[in-house]
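A.B. asks: So that you have it, the file is upload24.cif, and it contains mmCIF, C-alpha atoms and all ligand atoms:
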data_work
loop_
_atom_site.label_atom_id
_atom_site.label_comp_id
_atom_site.auth_asym_id
_atom_site.auth_seq_id
_atom_site.Cartn_x
_atom_site.Cartn_y
_atom_site.Cartn_z
CA MET R 1 278.27 177.17 179.16
CA HIS R 2 280.30 180.26 178.61
CA GLY R 3 283.62 180.32 180.54
CA LEU R 4 283.33 176.81 181.97
CA LYS R 5 286.19 174.53 181.11
CA LEU R 6 284.45 171.23 180.40
CA ASP R 7 287.53 169.05 180.92
CA TRP R 8 288.21 170.68 184.31
CA ALA R 9 289.54 168.34 186.96
CA PRO R 10 290.95 169.02 190.41
CA GLU R 11 294.73 169.08 190.66
CA PRO R 12 295.98 165.70 191.85
CA ASN R 13 296.72 165.78 195.57
CA THR R 14 300.34 166.73 196.07
CA ARG R 15 301.87 165.69 199.36
CA CYS R 16 302.53 168.38 201.89
CA PHE R 17 304.79 167.52 204.81
CA VAL R 18 304.65 169.03 208.27
CA LEU R 19 307.17 168.61 211.08
CA ASP R 20 305.19 165.70 212.55
CA ASP R 21 305.84 163.71 209.39
CA TYR R 22 309.54 163.60 210.25
CA GLN R 23 309.30 163.06 213.99
CA GLY R 24 310.30 159.56 215.02
CA ALA R 25 310.63 158.25 218.57
CA GLU R 26 310.67 160.59 221.57
CA PRO R 27 314.31 161.69 222.03
CA ARG R 28 315.98 160.20 225.09
CA TRP R 29 318.80 162.72 225.27
CA CYS R 30 319.24 164.60 228.56
CA PRO R 31 317.34 167.88 228.96
CA GLY R 32 319.46 170.70 227.56
CA CYS R 33 321.61 168.39 225.44
CA GLY R 34 322.74 170.17 222.27
CA ASP R 35 321.68 167.17 220.19
CA HIS R 36 318.05 168.35 220.54
CA ALA R 37 318.88 171.59 218.68
CA VAL R 38 320.52 169.72 215.82
CA LEU R 39 317.57 167.35 215.51
CA ALA R 40 315.19 170.32 215.39
CA ALA R 41 317.30 171.96 212.67
CA VAL R 42 317.39 168.83 210.51
CA GLN R 43 313.65 168.32 210.89
CA ARG R 44 313.02 171.92 209.91
CA LEU R 45 315.35 171.66 206.94
CA VAL R 46 313.63 168.58 205.51
CA ARG R 47 310.21 170.14 206.18
CA ASP R 48 311.22 173.44 204.53
CA GLU R 49 312.60 171.56 201.53
CA GLN R 50 309.54 169.25 201.52
CA LEU R 51 311.72 166.16 201.20
CA PRO R 52 309.63 162.98 201.10
CA PRO R 53 310.46 160.98 204.26
CA GLU R 54 310.97 157.82 202.22
CA LYS R 55 313.69 159.60 200.24
CA ILE R 56 315.77 160.42 203.33
CA ALA R 57 318.31 158.16 205.01
CA VAL R 58 320.02 159.07 208.28
CA ILE R 59 323.12 157.00 209.05
CA SER R 60 325.00 157.02 212.34
CA GLY R 61 327.57 155.11 214.35
CA ILE R 62 327.34 154.66 218.13
CA GLY R 63 327.14 157.37 220.77
CA CYS R 64 324.48 159.65 222.28
CA SER R 65 324.52 161.69 219.06
CA SER R 66 324.27 158.53 216.99
CA ARG R 67 320.79 157.84 218.39
CA PHE R 68 319.67 160.46 215.87
CA PRO R 69 318.15 158.06 213.25
CA HIS R 70 315.65 156.78 215.86
CA TYR R 71 314.25 160.26 216.19
CA MET R 72 313.65 160.81 212.48
CA LYS R 73 310.67 159.14 210.82
CA THR R 74 312.75 158.33 207.75
CA TYR R 75 315.00 155.48 206.72
CA GLY R 76 317.95 155.17 209.03
CA PHE R 77 320.84 152.99 210.09
CA HIS R 78 322.18 153.09 213.65
CA GLY R 79 325.26 151.08 213.00
CA LEU R 80 328.64 150.31 214.52
CA HIS R 81 330.90 152.66 216.41
CA GLY R 82 333.02 154.60 213.91
CA ARG R 83 331.43 153.06 210.84
CA ALA R 84 328.75 155.57 209.86
CA LEU R 85 330.72 156.91 206.91
CA PRO R 86 331.47 153.64 205.09
CA VAL R 87 327.83 152.64 205.47
CA ALA R 88 326.77 156.02 204.06
CA CYS R 89 329.23 155.70 201.16
CA GLY R 90 327.74 152.29 200.37
CA VAL R 91 324.21 153.70 200.43
CA ARG R 92 325.24 156.61 198.24
CA ALA R 93 326.98 154.34 195.73
CA ARG R 94 323.69 152.57 194.94
CA ARG R 95 321.13 155.27 195.74
CA PRO R 96 321.89 158.63 194.14
CA ASP R 97 318.23 159.58 194.68
CA LEU R 98 318.33 159.64 198.49
CA HIS R 99 318.96 162.62 200.75
CA LEU R 100 321.70 161.29 202.92
CA PHE R 101 322.57 162.57 206.40
CA VAL R 102 325.36 161.20 208.56
CA VAL R 103 325.38 161.95 212.28
CA THR R 104 328.57 161.18 214.14
CA GLY R 105 330.28 162.13 217.41
CA ASP R 106 333.80 163.24 218.24
CA GLY R 107 334.61 159.73 219.42
CA ASP R 108 332.77 158.08 216.56
CA CYS R 109 334.38 160.22 213.85
CA CYS R 110 337.70 161.41 215.27
CA ALA R 111 338.82 158.33 217.24
CA ILE R 112 337.67 154.90 216.09
CA GLY R 113 336.32 156.20 212.77
CA THR R 114 339.31 158.29 211.72
CA SER R 115 340.39 156.28 208.69
CA HIS R 116 336.83 156.27 207.34
CA TRP R 117 336.59 160.00 207.93
CA ILE R 118 339.72 160.68 205.87
CA HIS R 119 338.68 158.53 202.94
CA ALA R 120 335.06 159.69 202.94
CA ILE R 121 336.21 163.32 202.71
CA ARG R 122 338.45 162.37 199.77
CA TYR R 123 335.67 160.39 198.05
CA ASN R 124 333.45 163.46 198.29
CA MET R 125 330.22 161.50 197.75
CA LYS R 126 327.12 163.64 198.15
CA MET R 127 325.98 163.59 201.78
CA THR R 128 325.58 165.92 204.74
CA VAL R 129 327.90 164.92 207.58
CA LEU R 130 327.12 166.39 210.99
CA LEU R 131 329.84 165.99 213.60
CA LEU R 132 328.23 166.62 216.99
CA ASP R 133 331.31 167.55 218.97
CA ASN R 134 330.76 167.66 222.72
CA ASN R 135 334.48 167.10 223.44
CA ILE R 136 333.70 163.88 225.34
CA TYR R 137 332.44 160.34 225.02
CA GLY R 138 328.92 160.91 226.29
CA LEU R 139 327.25 157.53 225.86
CA THR R 140 329.99 155.62 227.65
CA LYS R 141 329.92 158.12 230.49
CA MET R 142 332.64 160.72 230.21
CA GLN R 143 335.85 159.37 228.78
CA THR R 144 338.44 161.57 227.09
CA SER R 145 337.84 161.98 223.37
CA PRO R 146 340.32 163.27 220.77
CA THR R 147 338.71 166.71 221.03
CA THR R 148 338.73 166.94 224.84
CA ARG R 149 340.62 170.06 225.88
CA LEU R 150 343.96 169.95 227.65
CA ASN R 151 343.80 169.43 231.43
CA LYS R 152 340.09 168.54 231.43
CA THR R 153 339.27 165.80 233.87
CA SER R 154 337.41 162.71 232.74
CA TYR R 155 336.99 159.16 234.00
CA THR R 156 339.92 158.05 231.85
CA HIS R 157 342.05 161.04 232.94
CA PRO R 158 340.93 161.85 236.50
CA ARG R 159 343.89 164.22 236.90
CA GLY R 160 343.27 165.92 233.58
CA THR R 161 344.11 165.13 229.98
CA VAL R 162 347.75 165.34 229.06
CA LEU R 163 347.53 165.99 225.32
CA SER R 164 346.14 168.93 223.38
CA PRO R 165 343.05 168.07 221.31
CA ILE R 166 343.01 167.54 217.58
CA ASP R 167 340.98 170.01 215.60
CA PRO R 168 338.44 168.29 213.32
CA LEU R 169 338.25 171.28 210.97
CA SER R 170 342.02 171.47 210.47
CA VAL R 171 342.14 167.74 209.85
CA THR R 172 339.31 167.90 207.32
CA LEU R 173 340.82 170.89 205.56
CA GLY R 174 344.07 168.97 205.26
CA ILE R 175 342.47 166.09 203.36
CA THR R 176 342.79 166.06 199.59
CA ASN R 177 339.51 166.85 197.86
CA ALA R 178 337.67 168.36 200.86
CA SER R 179 334.83 170.32 199.29
CA PHE R 180 332.64 171.87 202.01
CA VAL R 181 333.74 172.56 205.56
CA ALA R 182 331.58 174.55 207.95
CA GLN R 183 331.15 175.09 211.67
CA THR R 184 328.26 176.15 213.86
CA VAL R 185 327.22 176.16 217.52
CA ASP R 186 324.17 174.38 218.94
CA TRP R 187 323.16 177.45 220.99
CA ASN R 188 322.23 179.49 217.94
CA PRO R 189 319.41 177.55 216.21
CA PRO R 190 319.04 179.96 213.24
CA HIS R 191 322.72 179.55 212.40
CA VAL R 192 322.52 175.76 212.80
CA LEU R 193 319.55 175.69 210.40
CA ALA R 194 321.21 178.00 207.86
CA THR R 195 324.34 175.85 208.00
CA VAL R 196 322.63 172.48 207.54
CA LYS R 197 320.59 173.98 204.69
CA ALA R 198 323.73 175.14 202.88
CA ALA R 199 325.38 171.80 203.59
CA HIS R 200 322.44 169.86 202.20
CA ALA R 201 322.47 172.01 199.05
CA HIS R 202 326.15 171.25 198.41
CA ASP R 203 326.90 168.81 195.59
CA GLY R 204 329.43 166.65 197.37
CA LEU R 205 330.30 165.75 200.95
CA ALA R 206 329.47 168.61 203.28
CA PHE R 207 331.27 168.37 206.61
CA VAL R 208 329.73 170.39 209.42
CA ARG R 209 331.21 170.43 212.88
CA ILE R 210 328.67 171.48 215.47
CA MET R 211 329.88 172.56 218.88
CA GLN R 212 327.47 170.58 221.03
CA ARG R 213 326.85 171.07 224.71
CA CYS R 214 326.71 168.08 227.02
CA PRO R 215 325.19 169.48 230.22
CA HIS R 216 325.38 166.08 231.87
CA TYR R 217 329.12 165.42 231.72
CA THR R 218 330.81 168.64 230.59
CA PRO R 219 328.43 171.41 231.59
CA ASP R 220 330.97 174.23 231.47
CA THR R 221 332.87 173.34 228.30
CA PHE R 222 331.36 176.08 226.16
CA ASP R 223 330.48 178.58 228.92
CA ALA R 224 333.13 181.05 227.82
CA TYR R 225 331.49 181.23 224.39
CA THR R 226 327.84 181.14 225.38
CA GLN R 227 328.34 183.83 228.00
CA ASP R 228 330.52 186.02 225.79
CA PRO R 229 329.30 185.92 222.17
CA SER R 230 332.24 188.06 221.10
CA ARG R 231 334.35 184.91 221.43
CA VAL R 232 332.44 183.50 218.46
CA LEU R 233 333.70 184.81 215.12
CA LEU R 234 330.93 185.03 212.54
CA LEU R 235 332.17 184.38 209.00
CA LYS R 236 330.29 186.34 206.39
CA HIS R 237 330.35 186.25 202.60
CA PRO R 238 327.77 186.30 199.77
CA ASP R 239 328.85 182.71 198.98
CA GLY R 240 328.94 181.66 202.63
CA ILE R 241 326.27 180.69 205.15
CA PRO R 242 323.45 183.26 204.95
CA VAL R 243 323.42 185.49 208.02
CA ASP R 244 320.19 187.21 209.02
CA ASN R 245 319.94 190.26 211.27
CA GLY R 246 319.16 188.15 214.33
CA ILE R 247 322.39 186.16 213.97
CA ALA R 248 324.45 189.26 213.16
CA ARG R 249 323.05 191.08 216.23
CA ILE R 250 324.28 188.36 218.58
CA PHE R 251 327.69 187.66 217.06
CA LYS R 252 329.17 191.11 216.71
CA GLN R 253 332.67 189.92 215.97
CA GLN R 254 332.49 189.31 212.24
CA LEU R 255 334.88 188.59 209.41
CA GLU R 256 334.43 188.75 205.65
CA HIS R 257 335.84 185.39 204.53
CA PRO R 258 335.77 184.12 200.94
CA PRO R 259 335.10 180.36 201.25
CA THR R 260 337.29 179.59 198.23
CA ASP R 261 340.41 180.62 200.16
CA LEU R 262 341.80 177.35 201.54
CA ALA R 263 344.85 178.93 203.20
CA ALA R 264 342.65 181.43 205.05
CA ALA R 265 340.26 178.62 206.02
CA ARG R 266 343.13 176.67 207.56
CA GLU R 267 344.27 179.71 209.50
CA LEU R 268 340.74 180.24 210.82
CA ALA R 269 340.37 176.61 211.82
CA ALA R 270 343.57 176.81 213.84
CA ARG R 271 342.47 179.83 215.88
CA GLU R 272 342.08 179.09 219.56
CA ASP R 273 340.95 182.49 220.80
CA VAL R 274 337.56 182.28 219.06
CA ILE R 275 335.18 179.73 217.58
CA PRO R 276 334.78 180.64 213.89
CA ILE R 277 331.29 179.84 212.63
CA GLY R 278 330.14 179.80 209.04
CA LEU R 279 331.49 178.36 205.83
CA LEU R 280 335.25 178.00 206.08
CA TYR R 281 335.82 176.32 202.75
CA HIS R 282 333.85 175.48 199.62
CA ASN R 283 335.04 173.93 196.37
CA PRO R 284 332.02 173.06 194.24
CA ASN R 285 334.28 171.54 191.56
CA ALA R 286 335.93 168.84 193.65
CA GLU R 287 335.97 165.34 192.11
CA ARG R 288 333.12 163.03 193.15
CA TYR R 289 333.54 159.31 193.55
CA ASP R 290 329.78 158.70 193.62
CA LEU R 291 329.41 160.10 190.11
CA ALA R 292 332.04 157.68 188.83
CA MET R 293 330.37 154.81 190.72
CA ALA R 294 326.95 155.66 189.28
CA GLU R 295 327.97 154.53 185.81
CA GLY R 296 325.65 151.73 184.71
CA LEU R 297 323.19 152.23 187.58
CA THR R 298 320.33 152.90 185.19
CA MET R 299 321.08 149.96 182.85
CA SER R 300 318.29 147.45 182.31
CA THR R 301 318.75 143.93 183.69
CA GLU R 302 319.14 142.59 180.14
CA ASP R 303 321.88 145.11 179.37
CA LYS R 304 323.62 144.26 182.63
CA VAL R 305 323.57 140.53 181.82
CA THR R 306 324.90 141.21 178.31
CA ALA R 307 327.66 143.42 179.73
CA VAL R 308 328.66 140.82 182.34
CA GLN R 309 328.70 138.09 179.69
CA ALA R 310 330.85 140.23 177.39
CA GLU R 311 333.24 140.83 180.27
CA LEU R 312 333.46 137.08 181.07
CA ASP R 313 333.94 136.25 177.38
CA ARG R 314 337.20 138.15 177.49
CA PHE R 315 338.63 135.35 179.62
CA MET R 316 337.52 132.54 177.31
CA ILE R 317 340.40 130.35 176.16
C1 LIG L 1 333.81 148.93 218.51
C2 LIG L 1 333.33 149.69 219.72
N1 LIG L 1 334.22 150.26 220.55
C3 LIG L 1 333.81 150.96 221.62
C4 LIG L 1 332.47 151.08 221.87
C5 LIG L 1 332.03 151.84 223.10
N2 LIG L 1 331.55 153.16 222.75
C6 LIG L 1 330.25 153.37 222.47
S1 LIG L 1 329.89 154.98 222.17
C7 LIG L 1 331.50 155.41 222.47
C8 LIG L 1 331.95 156.85 222.41
C9 LIG L 1 330.88 157.80 222.01
O1 LIG L 1 331.38 159.10 221.98
P1 LIG L 1 331.00 160.09 220.82
O2 LIG L 1 331.19 159.45 219.50
O3 LIG L 1 331.75 161.34 221.06
O4 LIG L 1 329.43 160.27 220.99
P2 LIG L 1 328.62 161.01 222.13
O5 LIG L 1 328.11 159.94 223.02
O6 LIG L 1 329.52 161.95 222.84
O7 LIG L 1 327.54 161.71 221.38
C10 LIG L 1 332.29 154.31 222.77
C11 LIG L 1 333.72 154.36 223.08
C12 LIG L 1 331.56 150.48 220.98
N3 LIG L 1 330.24 150.59 221.15
N4 LIG L 1 332.01 149.79 219.92
S1 LIG L 2 325.18 162.49 228.23
FE1 LIG L 2 325.63 164.48 227.25
S2 LIG L 2 325.67 164.05 225.04
FE2 LIG L 2 324.63 162.33 226.05
S3 LIG L 2 322.45 162.84 225.97
FE3 LIG L 2 323.22 163.56 227.95
S4 LIG L 2 323.78 165.70 227.60
FE4 LIG L 2 323.60 164.73 225.59
MG MG L 3 331.14 163.04 221.99
#
Spell out the structure here as structure tokens.
C.D. replies:
Amino acid sequence: MHGLKLDWAPEPNTRCFVLDDYQGAEPRWCPGCGDHAVLAAVQRLVRDEQLPPEKIAVISGIGCSSRFPHYMKTYGFHGLHGRALPVACGVRARRPDLHLFVVTGDGDCCAIGTSHWIHAIRYNMKMTVLLLDNNIYGLTKMQTSPTTRLNKTSYTHPRGTVLSPIDPLSVTLGITNASFVAQTVDWNPPHVLATVKAAHAHDGLAFVRIMQRCPHYTPDTFDAYTQDPSRVLLLKHPDGIPVDNGIARIFKQQLEHPPTDLAAARELAAREDVIPIGLLYHNPNAERYDLAMAEGLTMSTEDKVTAVQAELDRFMI
């Protein structure tokens, strides 16, 4: 028949993922907890990018924020306090094909996990690290964390903390080989989504600190910033986090910041008058330990056996 393609066949069914495909258990975080906003952003990101759920791994330590893997219908590992990053580095070393997310808290990352944090930043293995910073130990019921502000009361410092907090961005920017350092705030979902998207697209370790509200234990911590958006400094640049009109309308205090400028990034991170949000620093050419580790990953079993035997033969007497 004229015009009829005789070998016509329907296109094979391609998979199409909707948000439900990524939704795991019902979140047990308190109502209003900022963790909900981050979960929603990550689920939207993986849906928008149509990432197959079986190709995603979410790794965490211990804390309220670290319950994250339970709420994603993907592979996950809810591990030991402070040990999310070494687990993630191990996964990345053997599985370059996975989309790897690490969710950690200010206690998990900046207290017990500090040494892992430093080395993971230097290794720069491809993964998206989300530091959910609520300035407190939430899960263990309101103890001082390394990011708790000076004079804040907690159950470990009932008369107020006596030391100024460390700044996770300044620390990260001080580590050799840092390659992507960004900050966002849980109360602006479009900016959280744009930031995690850019982080996920980065070829290396993307470190994102998210200012996260904990209405249960520290309800007023971020009030000054939520009530007065001019105290949030929006970083803008063609190579930075994309800013749409909605975001720009809310955060009127804006700064053109080239993310390649490390000195300027450090100055921004150290500012205490405002919360800078956006991409502070980006070096797409930083060395990557996972690429070095991937050598030989695709070898056949026979080739591996031959290589091991050749190596052992070197020690023959
Ligand atoms: C080795 C070890 N030390 C201490 C604890 C107790 N612990 C569990 S979570 C936590 C702090 C969690 O705070 P953070 O990482 O900020 O997470 P959040 O709950 O605030 O999200 C502590 C001290 C533990 N589970 N394991
Ligand atoms: S205690 Fe705080 S951090 Fe933990 S779930 Fe509740 S609001 Fe969130
Ligand atoms: Mg915390």
A.B. asks: Sort by chain and increasing residue number a table of all residues of chain R within 7 Å of ligand MG 3 (chain L), each with its closest pair of atoms and their distance in Å to one decimal, counting all atoms listed in the file, and write it as CSV.
C.D. replies:
residue,atom,partner,partner_atom,distance
R:Gly105,CA,L:MG3,MG,4.7
R:Asp106,CA,L:MG3,MG,4.6
R:Gly107,CA,L:MG3,MG,5.4
R:Leu132,CA,L:MG3,MG,6.8
R:Asp133,CA,L:MG3,MG,5.4
R:Asn134,CA,L:MG3,MG,4.7
R:Asn135,CA,L:MG3,MG,5.5
R:Ile136,CA,L:MG3,MG,4.3
R:Tyr137,CA,L:MG3,MG,4.3
R:Gly138,CA,L:MG3,MG,5.3
R:Ser145,CA,L:MG3,MG,6.9
A.B. asks: Put those residues in a file: C-alpha atoms, as a tab-separated table (two decimals), in the frame of the given file.
C.D. replies:
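Output file again-v3.tsv follows:
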chain	number	residue	atom	x	y	z
R	105	GLY	CA	330.28	162.13	217.41
R	106	ASP	CA	333.80	163.24	218.24
R	107	GLY	CA	334.61	159.73	219.42
R	132	LEU	CA	328.23	166.62	216.99
R	133	ASP	CA	331.31	167.55	218.97
R	134	ASN	CA	330.76	167.66	222.72
R	135	ASN	CA	334.48	167.10	223.44
R	136	ILE	CA	333.70	163.88	225.34
R	137	TYR	CA	332.44	160.34	225.02
R	138	GLY	CA	328.92	160.91	226.29
R	145	SER	CA	337.84	161.98	223.37
A.B. asks: Just the residues within 12 Å of Pro190 (chain R), please, counting all atoms listed in the file, with nothing from its chain fewer than 2 positions along; format it as a PyMOL selection string.
C.D. replies: chain R and resi 37-38+40-42+44-45+184-188+192-197+241-248+250+278
A.B. asks: Which one of R:Phe207, R:Trp8, R:Tyr217, R:Phe222 sits closest to ligand LIG 1 (chain L) if you count only C-alpha atoms and all ligand atoms?
C.D. replies: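 Closest candidate: R:Tyr217.
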A.B. asks: Write out as CSV a residue-level contact list of chain R versus ligand LIG 1 (chain L) with cut-off 10 Å: for each qualifying residue the closest pair of atoms and the distance in Å to one decimal, counting all atoms listed in the file, rows sorted by chain and residue number upward.
C.D. replies:
residue,atom,partner,partner_atom,distance
R:Trp29,CA,L:LIG1,O7,9.6
R:Cys33,CA,L:LIG1,O7,9.8
R:Gly34,CA,L:LIG1,O7,9.8
R:Asp35,CA,L:LIG1,O7,8.1
R:Ser60,CA,L:LIG1,O2,9.8
R:Gly61,CA,L:LIG1,O2,7.6
R:Ile62,CA,L:LIG1,S1,4.8
R:Gly63,CA,L:LIG1,O5,3.6
R:Cys64,CA,L:LIG1,O5,3.7
R:Ser65,CA,L:LIG1,O7,3.8
R:Ser66,CA,L:LIG1,O7,6.3
R:Arg67,CA,L:LIG1,O7,8.3
R:Phe68,CA,L:LIG1,O7,9.7
R:Gly79,CA,L:LIG1,N3,9.6
R:Leu80,CA,L:LIG1,N4,6.4
R:His81,CA,L:LIG1,N4,4.7
R:Gly82,CA,L:LIG1,C1,7.3
R:Arg83,CA,L:LIG1,C1,9.0
R:Val103,CA,L:LIG1,O7,9.4
R:Thr104,CA,L:LIG1,O2,6.2
R:Gly105,CA,L:LIG1,O2,3.5
R:Asp106,CA,L:LIG1,O3,4.0
R:Gly107,CA,L:LIG1,O2,3.4
R:Asp108,CA,L:LIG1,O2,3.6
R:Cys109,CA,L:LIG1,O2,6.5
R:Cys110,CA,L:LIG1,O2,8.0
R:Ala111,CA,L:LIG1,O2,8.0
R:Ile112,CA,L:LIG1,N1,7.3
R:Gly113,CA,L:LIG1,O2,9.1
R:Leu131,CA,L:LIG1,O2,8.9
R:Leu132,CA,L:LIG1,O7,6.6
R:Asp133,CA,L:LIG1,O3,6.6
R:Asn134,CA,L:LIG1,O6,5.8
R:Asn135,CA,L:LIG1,O3,6.8
R:Ile136,CA,L:LIG1,O6,5.2
R:Tyr137,CA,L:LIG1,O1,3.5
R:Gly138,CA,L:LIG1,O5,3.5
R:Leu139,CA,L:LIG1,O5,3.8
R:Thr140,CA,L:LIG1,C7,5.4
R:Lys141,CA,L:LIG1,O5,7.9
R:Met142,CA,L:LIG1,O6,8.1
R:Gln143,CA,L:LIG1,C11,7.9
R:Thr144,CA,L:LIG1,O3,9.0
R:Ser145,CA,L:LIG1,O3,6.5
R:Pro146,CA,L:LIG1,O3,8.8
R:Thr147,CA,L:LIG1,O3,8.8
R:Thr148,CA,L:LIG1,O3,9.7
R:Gln212,CA,L:LIG1,O7,8.9
R:Arg213,CA,L:LIG1,O6,9.7
R:Cys214,CA,L:LIG1,O6,7.9
R:Tyr217,CA,L:LIG1,O6,9.5
A.B. asks: So what do you get for CA of Ala198 (chain R) versus CA of Gln183 (chain R), distance-wise?
C.D. replies: 11.5 Å
A.B. asks: Smallest atom-to-atom distance to Ala178 (chain R): which of R:His237, R:Arg159, R:His282, R:Lys73, using all atoms listed in the file?
C.D. replies: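 Nearest to Ala178 (chain R): R:His282.
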A.B. asks: As a VMD selection string, please: the residues near Ala25 (chain R) (cut-off 8 Å, only C-alpha atoms, same-chain neighbours under 4 positions excluded).
C.D. replies: chain R and resid 70 to 73
A.B. asks: Measuring between only C-alpha atoms and all ligand atoms, which one of R:Ala307, R:Ala269, R:Ile277, R:Cys30 shows the shortest distance to ligand LIG 2 (chain L)?
C.D. replies: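 The closest residue to ligand LIG 2 (chain L) is R:Cys30.
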A.B. asks: Measuring between all atoms listed in the file, which one of R:Gln43, R:Ser230, R:Thr221, R:Thr156 shows the shortest distance to ligand LIG 2 (chain L)?
C.D. replies: R:Thr221
A.B. asks: Every residue with an atom at most 9 Å from (315.0, 161.5, 201.5) (file coordinates; all atoms listed in the file) is what I'm after, so could you write them as a PyMOL selection string?
C.D. replies: chain R and resi 46+51-58+74-75+97-100
A.B. asks: From the options R:Leu297, R:Ile121, R:Leu39, R:Leu312, which residue's atoms come nearest to Asn177 (chain R), counting all atoms listed in the file?
C.D. replies: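 Checking each candidate against Asn177 (chain R), we get R:Ile121 as the closest.
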A.B. asks: Counting all atoms listed in the file, what is within 10 Å of Ser170 (chain R), bar same-chain residues fewer than 3 positions away, as a VMD selection string?
C.D. replies: chain R and resid 166 to 167 173 to 175 181 265 to 271
A.B. asks: Could you give me the centre and size, in Å to one decimal, of an axis-aligned box around all listed atoms of region 276-283 of chain R with 6 Å added on every side, as AutoDock Vina command-line options?
C.D. replies:
--center_x 333.0 --center_y 177.3 --center_z 205.1 --size_x 17.7 --size_y 18.7 --size_z 29.5
A.B. asks: Work out how far CA of Pro158 (chain R) is from CA of Gln227 (chain R), in Å to one decimal.
C.D. replies: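 Computing it gives 26.7 Å between the two atoms.
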